[in-house]
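Undergrad: Quick one: the structure is below, questions incoming.
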Amino acid sequence: MNSAYVTSKGQLVVPSSIRRRYGIKPGTRINFVEEGDRIIFQPVTREYIDSFCGIFKQKPGEKSVVQEHLEERRAERDRENRK
C-alpha cells in the first residue's frame, strides 16, 4: 500500500510507482470522485479518454437522439401548419 501526506498548501505528492503505472506526468489532470466515504483519484490520461470511445455508438437500424428530435419537431410543425 502506498501512502502520501497533504502539504500545508493542500498539495498531495503521488508516489512515483503510482505515477509510472498510470502514466501521470506533470500537467496531467486528476479528477476526484466521491463514492460513499471514499475518494477515487482518477487521472485523465489519453488511455482514460480513449476508454469512452464507442460507448454511445448506435446499433444498426437505431436512430440517433438528434434524428428522433428532428423528426418530432417536423411532425409538430406539420400538425401546426394543418390547423
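Residue numbering restarts at 1 in every chain; chains get A, B, ... in the order shown in the C-alpha cells, and ligands count up from 1 in that same order.
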Would you kindly return, as a PyMOL selection string, each protein, DNA or RNA residue with an atom no farther than 12 Å from any atom of region 33-43 of chain A, considering only C-alpha atoms and excluding same-chain residues fewer than 5 positions away?

TA: chain A and resi 12+14+18-28+48-49

Undergrad: Report as number ranges by chain: the residues of chain A with a DSSP assignment of alpha helix (DSSP H), based on the backbone of this structure.

TA: A: 16-22, 46-50, 65-82

Undergrad: Keeping C-alpha atoms for every residue in the selection just given, could you write it to a file as a short mmCIF file (atom, residue, chain, number, x, y, z; two decimals), in the first residue's frame?

TA:
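So out-v2.cif came out as:
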data_model
loop_
_atom_site.label_atom_id
_atom_site.label_comp_id
_atom_site.auth_asym_id
_atom_site.auth_seq_id
_atom_site.Cartn_x
_atom_site.Cartn_y
_atom_site.Cartn_z
CA SER A 16 6.47 7.63 -8.19
CA SER A 17 5.45 3.98 -8.58
CA ILE A 18 1.80 5.04 -8.97
CA ARG A 19 2.73 7.87 -11.37
CA ARG A 20 4.66 5.45 -13.59
CA ARG A 21 1.96 2.75 -13.51
CA TYR A 22 -0.83 5.14 -14.55
CA ARG A 46 -5.27 9.62 -23.19
CA GLU A 47 -5.99 5.98 -22.25
CA TYR A 48 -8.80 7.08 -19.91
CA ILE A 49 -10.36 9.26 -22.60
CA ASP A 50 -9.98 6.51 -25.24
CA VAL A 65 -31.35 11.13 -30.40
CA VAL A 66 -30.82 14.09 -32.73
CA GLN A 67 -32.62 12.27 -35.55
CA GLU A 68 -35.55 11.45 -33.27
CA HIS A 69 -35.74 15.05 -32.04
CA LEU A 70 -35.72 16.43 -35.60
CA GLU A 71 -38.48 14.03 -36.64
CA GLU A 72 -40.60 15.02 -33.62
CA ARG A 73 -40.13 18.73 -34.38
CA ARG A 74 -41.01 18.13 -38.06
CA ALA A 75 -44.20 16.26 -37.02
CA GLU A 76 -45.14 19.08 -34.61
CA ARG A 77 -44.58 21.70 -37.31
CA ASP A 78 -46.70 19.70 -39.77
CA ARG A 79 -49.54 19.43 -37.21
CA GLU A 80 -49.38 23.21 -36.55
CA ASN A 81 -49.39 24.02 -40.27
CA ARG A 82 -52.51 21.88 -40.83
#

Undergrad: What separation in Å, quoted to one decimal, exists between CA of Thr45 (chain A) and CA of Phe32 (chain A)?

TA: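 We find that CA of Thr45 (chain A) and CA of Phe32 (chain A) lie 13.9 Å from each other.
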
Undergrad: What lies within 8 Å of Val44 (chain A) using only C-alpha atoms, ignoring chain neighbours under 6 positions off, as a PyMOL selection string?

TA: chain A and resi 28-31

Undergrad: Those residues with C-alpha atoms, as an mmCIF file, in the first residue's frame please?

TA:
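Result saved to out_30.cif:
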data_model
loop_
_atom_site.group_PDB
_atom_site.id
_atom_site.type_symbol
_atom_site.label_atom_id
_atom_site.label_comp_id
_atom_site.auth_asym_id
_atom_site.auth_seq_id
_atom_site.Cartn_x
_atom_site.Cartn_y
_atom_site.Cartn_z
ATOM 1 C CA THR A 28 -1.924 15.541 -16.019
ATOM 2 C CA ARG A 29 -5.441 16.463 -14.936
ATOM 3 C CA ILE A 30 -6.781 14.483 -11.963
ATOM 4 C CA ASN A 31 -10.475 14.007 -11.155
#

Undergrad: Once DSSP has gone over the backbone, tell me which residues of chain A are in strand (DSSP E), as a list of chain:residue names.

TA: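 The strand (DSSP E) subset of chain A is A:Arg29, A:Ile30, A:Asn31, A:Phe32, A:Val33, A:Glu34, A:Glu35, A:Arg38, A:Ile39, A:Ile40, A:Phe41, A:Gln42, A:Pro43, A:Val44.
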